[in-house]
Structures are given as C-alpha cells and as structure tokens.
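Asker: Following this message is one structure expressed as structure tokens.
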2 protein chains.
Amino acid sequence: MGRQPSAKPTSFDIAYLAGVSQPTVSRALRGSKSVSAATRANIERIARELNYTVDKNASSLRSQRTHTLALLFFEDPTPDESMINPFFLSMLGSITRECARRGYDLLISFQQMHNDWHVAYQDSHRSDGIILLGYGDYQLYLSKLEHLVEMGTKFVRWGSVSEEGIGLTVGSDNVGAGEQAGAHLVEIGRTKIAFLGDASDHAPEFQDRYAGLCRAMRAAGLEPDPALQRGAVSSEDSGYAAAAALLASGQPFDAIFAASDLIAIGAMRALSEAGLKLPHDVAIIGFDDIPAASLTSPTLTTVMQDLKGAGTLLVDALLSRIEDRPVEQRILPARLVKRQSTAV
Amino acid sequence: MGRQPSAKPTSFDIAYLAGVSQPTVSRALRGSKSVSAATRANIERIARELNYTVDKNASSLRSQRTHTLALLFFEDPTPDESMINPFFLSMLGSITRECARRGYDLLISFQQMHNDWHVAYQDSHRSDGIILLGYGDYQLYLSKLEHLVEMGTKFVRWGSVSEEGIGLTVGSDNVGAGEQAGAHLVEIGRTKIAFLGDASDHAPEFQDRYAGLCRAMRAAGLEPDPALQRGAVSSEDSGYAAAAALLASGQPFDAIFAASDLIAIGAMRALSEAGLKLPHDVAIIGFDDIPAASLTSPTLTTVMQDLKGAGTLLVDALLSRIEDRPVEQRILPARLVKRQSTAV
DNA sequence: CGCCATAGGGTATACGTATACGCATAATAT
DNA sequence: ATATTATGCGTATACGTATACCCTATGGCG
C-alpha cells in the first residue's frame, strides 16, 4: 500500500482521482454542506481506498485547532521522586478513552509543581486545552492558574469544587464524603476522631473532607478536637510521620480519617508498629479506594470516587469550554466502601 | 487564542526586531553553525523577551518530524474492562520523563489488542515513533507488527528479548529472573513448584520465566511437572481461577511461581480461602513488584524489574531507530525481592 | 421572460517554519 | 597578486490543509 511507490497520499491526489479540486476534498471530508452527496461519497470512497488520512500538522496549522488535549500530572512535592498518586493514574484510563471517543489525542506530561508548566503549553500550539491533575499546594497553583486565564488558555482542573476557585473545576463531593466517613465512625462508637491531612487552604480538597468530618461529628453532638488534626501530604511516608507524631503527642484517639489512602496506609504501618490493634484500638478510613486499599491488613475502609465519571466529565467540560459552550462546575458523588478497618 | 496585548509572536517578529531575515531566526534557534555567535545571542535574547515558542505544527509540517512519540497501552483481554497492569502504569513515569528530557512530547492511547491501532498512527504524522506496552496474546500481535515494519513505522516494544521477534524489543532478563526465583524456592526446600501463567508462544515473556524456573529446578536435580503449569493471563481473577483449578486437580504442590503479581495476588486469595497457610503450606513468588506486592498478607516475594531503566531504554532505543542510529536489543537485569511469602 | 437566490465547487491564499540555493564579503592558499 | 574556500546571511519556496471569496448554472418567482 503506502510504501515506496506511492508516498503518503495528499488531498491533491484524491482530488485528482475524483476529478475535483483539493478544497472540495477538504470540504467533503470535513462534512461541509456545500458538497453534493454524490461527490462526497465518491471522495470518501477514494480516500478509503488510498488509505488517506488527514495530515494533522497541516490541518492544525491552517485551522489553528489541534484536536489534542494535554494532561498535566503534578507530582506530590515529596522527597521520594516520581511517585504519582495511584488514584490519578487510575483516572488516566477513562480520560484517554473519552478523548478517543471525542476524536481528540492526548498529550501527557508529569510536572513538578514549581516548574514553569504554565508557560510551556500556553502557545506553541500543541494542544487546544489542558487537564490539570494532582494534589498539591493550592497556593502555589493560584498565580499560575491566573496566568493561564490571562492568556486565554482553556483548562479544567480536578479538585475542590466548593471553593470559589479560578477556572473550571470538576471534583468529587468531598464534604459529603467526609460526612459519610464521619457518620460511619460515629456509628461504630468512635468519639475521638483524628484527621490526617493538610486542612488549610493550601489543600482545599482535604479541607473539604475535614469539614465534612466535622459536620458529621457535630451532628452527633461531638466537638472535633483541633489537636487531633495533623497535616500530611498524600504519601505513605507523610502518613506514617503524621501518625507517629500523633502517637507521640499522647493525645488519645480511637479513629483516624485520612485524607487519602496513601496517608492511611502509612498511618496503619505506624500504628501497627506501635503495637496497636486495628480496627479494635483505632478504626481507620482512607480516601480514593486505590487498588492497594483492598490488600492491606486489615483491608481499608475508604471513599470510592467515580473514576469513570471523573474522566468523562473532565474531558467533556474542557471540550465545552474549548468550543465555547456554557459549562458549570460539576460535583461527582462519592461512596463509602466499608472494609475491615472499621469492622468492629 | 483570544489574547489582547500582542498575539502570538512568530519568527518574523523576531527577525524584524533583530534586523535579520526569518530564516536566520530559524537557523539561530535550531543551532545551525552558520550563524554568528553575536547574531544568535541577540536572536535568543529577543525570543526570550517576547516569550516566543516555535509553532509545533508549522515546524512539524515543514520538517516532517513531529518530535512526538506515541505510547500505546494494550489492555489485557480480560472481561473486567479498563484495567491496565499497574506495572506498565508505573513505567509511564520514567517514559514521560525521558521523553521530556530528550525534547519529545508523548501521546498516549489505550488500545484493545484486536483494534486496528496498527493503521491509526501509521500516517497522519502525529508521531515519529511508537512505544508498545502490555502483556497480551503475542500471536495476535505478529501480523500487525509486520504491517508496521512494512510501512516503515518506527516502533519499540516491551517484551521478551530472547525470542527472535519482529522489530525492536527491550525487556527484562526473564529467563534469569525465573532462574533466581526457582533457585530461591529450591533453596527453601520446595520441590513441587507450580507455575501460573501461559507458557505457550502466545506469551513469550511468561514462557521465558517458566524456562528460567525449569532451568533452576533441573540444576537442582528436580524435574518440572507439566501438570503443575497452569495457563493464566495477567489479572487477579485469572490467577484466582488458575490456583483454584490447581487445587481442584488434587496435584500436590508446595510452591507457586506466578508469572505476574496480579496472578500471584489472585492465587494467594484462592489458597487462603482454601485454608492453606502461606508460606508454610505453599510458598509463592510473583513478578513485577507492583506497589500492592508489599501490602499483601503475607507480603509477596517478587521480581523487581528496573522500571526507570526500562523507560529510559525504551525511549532511547526508539529515538536511535528514528534517527537511524544503530540499535541492538537490550536486556535489563531483574532482581528478586524476598518477602514473607517465601520466608520459612 | 427577466431577476435573484441558491447549490456546488473552483481560485487564490494563508497558516509559520525549515531548507535548497545563491551571493556577497572575508579569510586563506598559491 | 589571483584563485579558492569558508562564513554568514538573504531569497525563494515547499510542507498539506482550510477558508474567504468568486463564479456558474440552475430553478423559482413575479
């Protein structure tokens, strides 16, 4: 087929064979209404026979549309390099699938939060829009997001929807999920519930989860103890450290709600090493339902987010914005998955 | 698009400001030696000031080089859709990083093994080359790989290097790793060692691992029992089923070498449910060292592959091929990680 | 029976870059 | 001194597509 003899066929080749001009070929293949059905059919047949495919570069150059989205993963700023939260990795599947379904290619890149990514993709016309994924210091984000907005770059972010943030955001119902987790812990009789995860405005998602927990506790007549809230970024080591610090503080607690599964897993390790029995001494709930959550011992109760919906929604929202259709922030429901770590 | 102040600067803008012609700008920025140092420095300064970035589409169109690689993941043909082996997902990090380091963008796509992916990326000039990742039915692969070779498409594959395959392959030393695993099992006194994983030529990598196991056993004077080899694809369910079938067969065995961690994890579940004590009754070794391997109970002895090296090598090999430099198949060492599942 | 809208498609050109050539000037060889 | 070769850069053009604009033949309408 397209080997030595006939190099890559162009729209001119098709035009010649169909006895029309090149622009007509372009119009026919792009579905313009000012091409007769017969002509279009003929062109499409020939294109198929020649195994013709539109040259993406030429098309993008002329139309200034790439039909490509860029996915930027942010690495957690932890010392152990190159670790991406498995949760976001899992989202990758549904994102690529939705992109493919909508006829878009997907460029992917890992970024350090502090890099100049906000300028790297802005022009050079590699993509029509950007999907931003990753937990991280939200404050570090802000100025760069503002820059994107200024440049007119289209983007969508996975994160806390409740906060009045910059740009378009898609995210889970973190408050509601936190509430479910808290209610469950209260239900099994826990009253001194610790929260592991940064609850400042540097991490709006974690903040929301904590807010949900607090709401559930208050609804049960309990007052959350600020001393039982410990900062942690989303990594096993950070969870281990936070739990260890909590133990060292001597504050009594009978449950932990961790802002992510990685934190929870690290915390479980710290608790086990301290000789505590889980879930008898300390019940624990994570967040994300990463694959590893069903393999820990005890298996981890956690919050399952709608991964498939998330990917679909992110892409859909971004494309709406790109095509100048109206979009609103959208919240996805999340569901508590009860496992052994809260089974008393 | 919609940028008020100054639209995207082009090489003409820079040329004007520098008092030279547009081609000189192009030459200067691409590092041509026929531009004086002074001129180049001046051009680079102006480019930086204007925040100029080369338009990828125009550049690619003209040079017929996209500076983009495509990464194709193959999903295991298991019923549970959209699961990618975590091992390959982990490789993603090192691949993207190496791409970035070499100045290449990375397109990503998930594919069903049976799709017409081999024709999708062949022209349309989206990428300069393809990286193929995934376990799967190797026979299904072959004709499509041949097609790629015919079309002159540059690609590199992760897989079994020993087999005289089509195209360029990078992979771990599966035979050697299998040998290490076998030797370790023999060392702890196991003699009836089962292998879970397709050992036919539909799965050369698994075949190699089995070959390594057999070699280690024979070296210890043991003869592998074909009845203890059970087919399985790389998924937890498949591993569970294979182990269950093995138990049902009544064949006695005191160890399992699983062709992947997912298989091993599924098998462990089956064995535990059957009331067997691990590793006392059955020692078990997996392959891949996915994050979950250190979380199972007992923690899983497994083979750790050089993920970072793998990503680097894949990209490097592909770029060598693209740039018509000589390349040879390369084998990466793998290392046995001993954990509780073989601790007697 | 003239007039205009419309369908269908051709002509010309732009998108922004990279490269084959050509042509000076300067450096070196003869 | 002239012939030769680098050096440094400008001129012209190609890459393959999409789109603004223009033209022709119909058909409907009065």
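Here, A, B, ... name the chains of the structure tokens in the order displayed, residue numbers run from 1 inside each chain, and ligands are numbered from 1 in the same displayed order.
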What's the 12 Å shell around DC3 in chain C, counting only C-alpha atoms (C1' of nucleotides), without same-chain residues fewer than 5 positions away, as a PyMOL selection string?

Answerer: chain D and resi 27-30

Asker: Could the residues in this selection be saved with C-alpha atoms (C1' of nucleotides) as a compact mmCIF listing (two decimals), in the first residue's frame?

Answerer:
```txt
# COMPACT_ATOMS: atom_id res chain seq x y z
C1' DG D 27 -34.71 26.84 -10.62
C1' DG D 28 -38.30 29.54 -8.56
C1' DC D 29 -40.74 33.63 -8.62
C1' DG D 30 -43.05 37.56 -10.17
```

Asker: Could you superimpose chain A onto chain B using all C-alpha atoms, paired one by one in order, and tell me the resulting RMSD in Å?

Answerer: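 Once chain A is fitted onto chain B, the C-alpha RMSD works out to 0.9 Å.
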
Asker: Using only C-alpha atoms (C1' of nucleotides), which of the listed residues (D:DT26, D:DT11, D:DG16, D:DC21) sits closest to Gln22 in chain A?

Answerer: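 Comparing D:DT26, D:DT11, D:DG16, D:DC21 against Gln22 in chain A, the winner is D:DG16.
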
Asker: Separation of CA of Ser235 in chain B and CA of Glu223 in chain B, in Å?

Answerer: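 CA of Glu223 in chain B lies 28.0 Å from CA of Ser235 in chain B.
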
Asker: Determine, counting only C-alpha atoms (C1' of nucleotides), which protein, DNA and RNA residues have an atom within 10 Å of an atom of DA7 in chain C; residues of the same chain fewer than 6 positions away are not included. Present the result as a PyMOL selection string.

Answerer: (chain A and resi 33-36) or (chain D and resi 25-26)

Asker: Those residues you just picked out, can you put them in a file as a short mmCIF file (atom, residue, chain, number, x, y, z; two decimals), in the first residue's frame with C-alpha atoms (C1' of nucleotides)?

Answerer:
```
data_model
loop_
_atom_site.label_atom_id
_atom_site.label_comp_id
_atom_site.auth_asym_id
_atom_site.auth_seq_id
_atom_site.Cartn_x
_atom_site.Cartn_y
_atom_site.Cartn_z
CA LYS A 33 -22.92 21.02 3.47
CA SER A 34 -21.97 22.60 0.18
CA VAL A 35 -20.80 19.38 -1.37
CA SER A 36 -23.26 17.17 -3.21
"C1'" DA D 25 -25.63 27.06 -13.79
"C1'" DT D 26 -29.90 26.09 -12.35
#
```

Asker: Compute the chain A side of the contact with chain C at 10 Å, counting only C-alpha atoms (C1' of nucleotides), and hand it back as a list in words.

Answerer: Val20, Ser21, Gln22, Pro23, Thr24, Arg27, Lys33, Ser34, Val35, Ser36, Thr39, Ala58, Ser59, Ser60, Leu61, Arg62, Ser63 and Gln64 of chain A

Asker: Give me, as a Markdown table, the closest atom pair and its distance (Å, one decimal) for every residue of chain D within a cut-off of 12 Å of chain A, counting only C-alpha atoms (C1' of nucleotides), rows sorted by chain and rising number.

Answerer:
```
| residue | atom | partner | partner_atom | distance |
| --- | --- | --- | --- | --- |
| D:DC15 | C1' | A:Ala58 | CA | 7.7 |
| D:DG16 | C1' | A:Ala58 | CA | 5.0 |
| D:DT17 | C1' | A:Ser59 | CA | 4.9 |
| D:DA18 | C1' | A:Arg62 | CA | 5.8 |
| D:DT19 | C1' | A:Ser63 | CA | 8.7 |
```

Asker: For the selection just defined, write its residues with C-alpha atoms (C1' of nucleotides) to a file, as a PDB file, in the first residue's frame.

Answerer:
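What landed in again_4.pdb:
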```
ATOM      1  C1'  DC D  15       5.121  21.353   3.620  1.00  0.00           C
ATOM      2  C1'  DG D  16      -0.636  19.903   3.219  1.00  0.00           C
ATOM      3  C1'  DT D  17      -4.694  21.766   4.598  1.00  0.00           C
ATOM      4  C1'  DA D  18      -8.712  25.019   5.360  1.00  0.00           C
ATOM      5  C1'  DT D  19     -11.233  29.039   4.272  1.00  0.00           C
TER       6       DT D  19
END
```

Asker: Excluding same-chain residues fewer than 5 positions from range 257-267 of chain A, what lies within 8 Å of it counting only C-alpha atoms (C1' of nucleotides), as a PyMOL selection string?

Answerer: chain A and resi 85+181-182+193-197+206+209-210+232-244+284-290+293+296+302

Asker: Could you please tell me, as a PyMOL selection string, which residues of chain A have an atom within 8 Å of chain B when using only C-alpha atoms?

Answerer: chain A and resi 2-3+8+53-58+60-61+82-83+89+93-94+96-97+100+105-110+123-126+150-153+291-292+295-297

Asker: Please produce a file of those selected residues containing N, CA and C atoms, as a compact mmCIF listing (two decimals), in the first residue's frame.

Answerer:
```txt
# COMPACT_ATOMS: atom_id res chain seq x y z
N GLY A 2 0.81 2.02 1.04
CA GLY A 2 1.54 3.29 1.04
C GLY A 2 3.03 3.11 1.27
N ARG A 3 3.66 2.35 0.43
CA ARG A 3 5.10 2.15 0.62
C ARG A 3 5.89 3.03 -0.32
N LYS A 8 2.95 8.97 0.98
CA LYS A 8 1.72 9.35 1.67
C LYS A 8 0.79 10.17 0.77
N THR A 53 -5.16 9.67 5.20
CA THR A 53 -5.51 10.26 6.49
C THR A 53 -5.03 11.71 6.49
N VAL A 54 -5.85 12.56 7.03
CA VAL A 54 -5.54 13.98 7.04
C VAL A 54 -4.24 14.23 7.79
N ASP A 55 -3.37 14.99 7.23
CA ASP A 55 -2.13 15.33 7.91
C ASP A 55 -2.44 16.28 9.06
N LYS A 56 -2.12 15.79 10.25
CA LYS A 56 -2.51 16.55 11.42
C LYS A 56 -1.82 17.89 11.52
N ASN A 57 -0.59 17.92 11.14
CA ASN A 57 0.16 19.16 11.28
C ASN A 57 -0.35 20.23 10.34
N ALA A 58 -0.55 19.86 9.12
CA ALA A 58 -1.06 20.83 8.15
C ALA A 58 -2.44 21.30 8.57
N SER A 60 -3.77 21.33 11.55
CA SER A 60 -3.70 22.16 12.75
C SER A 60 -3.14 23.53 12.42
N LEU A 61 -2.14 23.54 11.59
CA LEU A 61 -1.51 24.82 11.25
C LEU A 61 -2.53 25.75 10.59
N SER A 82 9.13 10.95 41.64
CA SER A 82 8.48 10.18 40.58
C SER A 82 7.31 9.34 41.06
N MET A 83 6.77 9.66 42.24
CA MET A 83 5.58 8.93 42.64
C MET A 83 4.34 9.76 42.30
N LEU A 89 -3.50 8.05 38.47
CA LEU A 89 -3.10 7.13 37.42
C LEU A 89 -4.31 6.34 36.95
N GLY A 93 -7.14 6.09 32.52
CA GLY A 93 -7.87 5.24 31.60
C GLY A 93 -9.12 5.90 31.07
N SER A 94 -9.94 6.41 31.95
CA SER A 94 -11.20 6.97 31.49
C SER A 94 -10.98 8.26 30.71
N THR A 96 -8.31 8.95 28.72
CA THR A 96 -7.88 8.63 27.35
C THR A 96 -9.03 8.09 26.54
N ARG A 97 -9.86 7.30 27.18
CA ARG A 97 -10.98 6.72 26.45
C ARG A 97 -11.95 7.80 25.97
N ALA A 100 -10.47 9.72 23.11
CA ALA A 100 -10.53 8.97 21.86
C ALA A 100 -11.95 9.03 21.29
N ASP A 105 -6.67 13.63 20.52
CA ASP A 105 -5.47 12.97 21.00
C ASP A 105 -5.14 13.50 22.39
N LEU A 106 -4.33 12.76 23.10
CA LEU A 106 -3.98 13.17 24.46
C LEU A 106 -2.48 13.21 24.64
N LEU A 107 -1.98 14.38 24.95
CA LEU A 107 -0.57 14.54 25.29
C LEU A 107 -0.44 14.43 26.80
N ILE A 108 0.63 13.84 27.26
CA ILE A 108 0.76 13.65 28.69
C ILE A 108 2.10 14.14 29.18
N SER A 109 2.11 14.64 30.38
CA SER A 109 3.35 15.18 30.92
C SER A 109 3.29 15.20 32.44
N PHE A 110 4.40 14.87 33.06
CA PHE A 110 4.49 14.98 34.50
C PHE A 110 5.19 16.28 34.82
N ASP A 123 1.50 28.53 24.40
CA ASP A 123 1.46 28.68 22.96
C ASP A 123 2.16 27.48 22.35
N SER A 124 2.84 27.66 21.29
CA SER A 124 3.47 26.55 20.58
C SER A 124 2.40 25.59 20.06
N HIS A 125 1.17 25.91 20.38
CA HIS A 125 0.04 25.24 19.72
C HIS A 125 0.11 23.74 19.69
N ARG A 126 0.42 23.16 20.83
CA ARG A 126 0.42 21.71 20.87
C ARG A 126 -0.94 21.17 21.25
N GLU A 150 -5.39 34.56 32.10
CA GLU A 150 -4.99 35.77 31.38
C GLU A 150 -4.65 35.50 29.92
N MET A 151 -3.95 34.40 29.72
CA MET A 151 -3.53 34.08 28.37
C MET A 151 -4.68 33.53 27.53
N GLY A 152 -5.80 33.31 28.17
CA GLY A 152 -6.93 32.76 27.43
C GLY A 152 -6.81 31.27 27.20
N THR A 153 -5.91 30.63 27.92
CA THR A 153 -5.75 29.18 27.78
C THR A 153 -6.96 28.47 28.37
N PRO A 291 -6.18 0.60 44.35
CA PRO A 291 -6.18 -0.87 44.34
C PRO A 291 -5.61 -1.47 45.62
N ALA A 292 -4.58 -0.83 46.15
CA ALA A 292 -3.93 -1.36 47.33
C ALA A 292 -4.84 -1.37 48.55
N LEU A 295 -5.99 -4.60 49.84
CA LEU A 295 -4.95 -5.59 50.10
C LEU A 295 -4.26 -5.37 51.44
N THR A 296 -4.52 -4.24 52.07
CA THR A 296 -3.88 -4.00 53.35
C THR A 296 -4.46 -4.94 54.39
N SER A 297 -3.79 -4.98 55.51
CA SER A 297 -4.28 -5.85 56.57
C SER A 297 -4.39 -5.04 57.85
```

Asker: Return as a ChimeraX atom specification the full set of residues in range 180-220 of chain A whose backbone-based DSSP assignment is strand (DSSP E or B).

Answerer: /A:193-196

Asker: Using the selection just defined, write its residues with N, CA and C atoms as a PDB file, in the first residue's frame.

Answerer:
```pdb
ATOM      1  N   ILE A 193     -11.932  11.275  67.057  1.00  0.00           N
ATOM      2  CA  ILE A 193     -11.538  11.003  65.673  1.00  0.00           C
ATOM      3  C   ILE A 193     -10.468  11.972  65.200  1.00  0.00           C
ATOM      4  N   ALA A 194      -9.351  11.403  64.771  1.00  0.00           N
ATOM      5  CA  ALA A 194      -8.257  12.235  64.251  1.00  0.00           C
ATOM      6  C   ALA A 194      -8.379  12.383  62.744  1.00  0.00           C
ATOM      7  N   PHE A 195      -7.855  13.485  62.238  1.00  0.00           N
ATOM      8  CA  PHE A 195      -7.828  13.703  60.790  1.00  0.00           C
ATOM      9  C   PHE A 195      -6.391  13.913  60.352  1.00  0.00           C
ATOM     10  N   LEU A 196      -5.935  13.113  59.397  1.00  0.00           N
ATOM     11  CA  LEU A 196      -4.571  13.255  58.879  1.00  0.00           C
ATOM     12  C   LEU A 196      -4.617  13.836  57.477  1.00  0.00           C
TER      13      LEU A 196
END
```

Asker: Work out how far apart CA of Asp208 in chain A and CA of Gln340 in chain A are and give it in Å to one decimal.

Answerer: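 Between CA of Asp208 in chain A and CA of Gln340 in chain A the gap works out to 25.0 Å.
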
Asker: Within range 63-163 of chain B, find each residue whose DSSP state, derived from the backbone, is alpha helix (DSSP H), and express the selection as a PyMOL selection string.

Answerer: chain B and resi 63+86-101+117-120+138-151

Asker: Write the residues of the selection above to a file with N, CA and C atoms, as a compact mmCIF listing (two decimals), in the first residue's frame.

Answerer:
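Final output, part-v5.txt:
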```txt
# COMPACT_ATOMS: atom_id res chain seq x y z
N SER B 63 9.25 20.21 8.50
CA SER B 63 10.39 19.31 8.67
C SER B 63 9.99 17.84 8.60
N PRO B 86 -0.71 -2.55 36.61
CA PRO B 86 -0.08 -1.43 37.32
C PRO B 86 1.39 -1.31 37.00
N PHE B 87 1.98 -2.42 36.65
CA PHE B 87 3.40 -2.41 36.31
C PHE B 87 3.68 -1.46 35.15
N PHE B 88 2.85 -1.54 34.14
CA PHE B 88 3.06 -0.68 32.98
C PHE B 88 2.72 0.77 33.29
N LEU B 89 1.73 0.92 34.14
CA LEU B 89 1.39 2.27 34.56
C LEU B 89 2.58 2.91 35.27
N SER B 90 3.26 2.10 36.06
CA SER B 90 4.42 2.63 36.78
C SER B 90 5.52 3.04 35.82
N MET B 91 5.60 2.34 34.71
CA MET B 91 6.64 2.65 33.74
C MET B 91 6.39 4.01 33.09
N LEU B 92 5.15 4.40 33.11
CA LEU B 92 4.76 5.65 32.47
C LEU B 92 5.60 6.82 32.95
N GLY B 93 5.86 6.85 34.25
CA GLY B 93 6.62 7.95 34.80
C GLY B 93 7.98 8.10 34.15
N SER B 94 8.72 7.01 34.08
CA SER B 94 10.08 7.12 33.55
C SER B 94 10.05 7.39 32.06
N ILE B 95 9.04 6.91 31.40
CA ILE B 95 8.95 7.17 29.95
C ILE B 95 8.68 8.65 29.68
N THR B 96 7.72 9.20 30.40
CA THR B 96 7.42 10.61 30.15
C THR B 96 8.63 11.47 30.49
N ARG B 97 9.29 11.10 31.55
CA ARG B 97 10.43 11.90 31.96
C ARG B 97 11.55 11.86 30.91
N GLU B 98 11.81 10.66 30.42
CA GLU B 98 12.87 10.55 29.43
C GLU B 98 12.48 11.28 28.14
N CYS B 99 11.23 11.20 27.78
CA CYS B 99 10.75 11.94 26.61
C CYS B 99 10.99 13.42 26.78
N ALA B 100 10.61 13.92 27.93
CA ALA B 100 10.77 15.35 28.19
C ALA B 100 12.24 15.73 28.11
N ARG B 101 13.07 14.88 28.70
CA ARG B 101 14.50 15.17 28.72
C ARG B 101 15.07 15.25 27.30
N TRP B 117 -5.21 -0.49 15.63
CA TRP B 117 -4.27 0.53 16.03
C TRP B 117 -3.09 0.60 15.08
N HIS B 118 -2.76 -0.51 14.46
CA HIS B 118 -1.56 -0.52 13.63
C HIS B 118 -1.72 0.37 12.41
N VAL B 119 -2.93 0.75 12.12
CA VAL B 119 -3.13 1.61 10.97
C VAL B 119 -3.43 3.04 11.41
N ALA B 120 -3.85 3.19 12.65
CA ALA B 120 -4.30 4.50 13.12
C ALA B 120 -3.16 5.51 13.18
N TYR B 138 0.59 -12.74 22.07
CA TYR B 138 1.64 -12.34 21.17
C TYR B 138 1.33 -12.69 19.71
N GLN B 139 0.60 -13.77 19.53
CA GLN B 139 0.29 -14.19 18.16
C GLN B 139 -0.61 -13.17 17.47
N LEU B 140 -1.52 -12.60 18.26
CA LEU B 140 -2.41 -11.58 17.73
C LEU B 140 -1.61 -10.39 17.22
N TYR B 141 -0.53 -10.15 17.92
CA TYR B 141 0.37 -9.06 17.64
C TYR B 141 1.02 -9.16 16.27
N LEU B 142 1.50 -10.37 16.00
CA LEU B 142 2.51 -10.53 14.95
C LEU B 142 2.18 -9.88 13.62
N SER B 143 1.00 -10.19 13.11
CA SER B 143 0.68 -9.69 11.78
C SER B 143 0.66 -8.16 11.78
N LYS B 144 0.22 -7.60 12.89
CA LYS B 144 0.16 -6.14 12.95
C LYS B 144 1.56 -5.55 13.04
N LEU B 145 2.42 -6.22 13.78
CA LEU B 145 3.79 -5.75 13.84
C LEU B 145 4.43 -5.79 12.46
N GLU B 146 4.16 -6.88 11.75
CA GLU B 146 4.70 -6.99 10.40
C GLU B 146 4.22 -5.83 9.53
N HIS B 147 2.98 -5.50 9.72
CA HIS B 147 2.42 -4.40 8.96
C HIS B 147 3.17 -3.11 9.26
N LEU B 148 3.45 -2.90 10.53
CA LEU B 148 4.20 -1.70 10.92
C LEU B 148 5.57 -1.68 10.24
N VAL B 149 6.22 -2.82 10.26
CA VAL B 149 7.55 -2.91 9.64
C VAL B 149 7.44 -2.58 8.16
N GLU B 150 6.46 -3.14 7.52
CA GLU B 150 6.24 -2.89 6.09
C GLU B 150 6.07 -1.40 5.80
N MET B 151 5.32 -0.75 6.64
CA MET B 151 5.05 0.67 6.41
C MET B 151 6.25 1.54 6.76
```

Asker: Which residues, written as an NGL selection string, have at least one atom at most 8 Å from Ala216 in chain A, with only C-alpha atoms (C1' of nucleotides) counted and residues fewer than 4 positions away on the same chain left out?

Answerer: :A and (178-180 or 182-183 or 212 or 220)

Asker: Using only C-alpha atoms (C1' of nucleotides), determine which residues lie at most 12 Å from Leu332 in chain A, disregarding the query and same-chain residues fewer than 6 positions distant; provide the list as a PyMOL selection string.

Answerer: chain A and resi 158-162+169-177+304-314

Asker: Can you tell me which residues surround Glu328 in chain B at a distance of at most 8 Å, considering only C-alpha atoms (C1' of nucleotides), apart from same-chain residues fewer than 2 positions away, and format the answer as a VMD selection string?

Answerer: chain B and resid 168 326 330

Asker: Now that the selection is made, can you save its residues with C-alpha atoms as a compact mmCIF listing (two decimals), in the first residue's frame?

Answerer:
```txt
# COMPACT_ATOMS: atom_id res chain seq x y z
CA LEU B 168 12.98 -3.82 18.18
CA PRO B 326 22.37 1.54 15.21
CA ARG B 330 18.80 -4.70 25.19
```
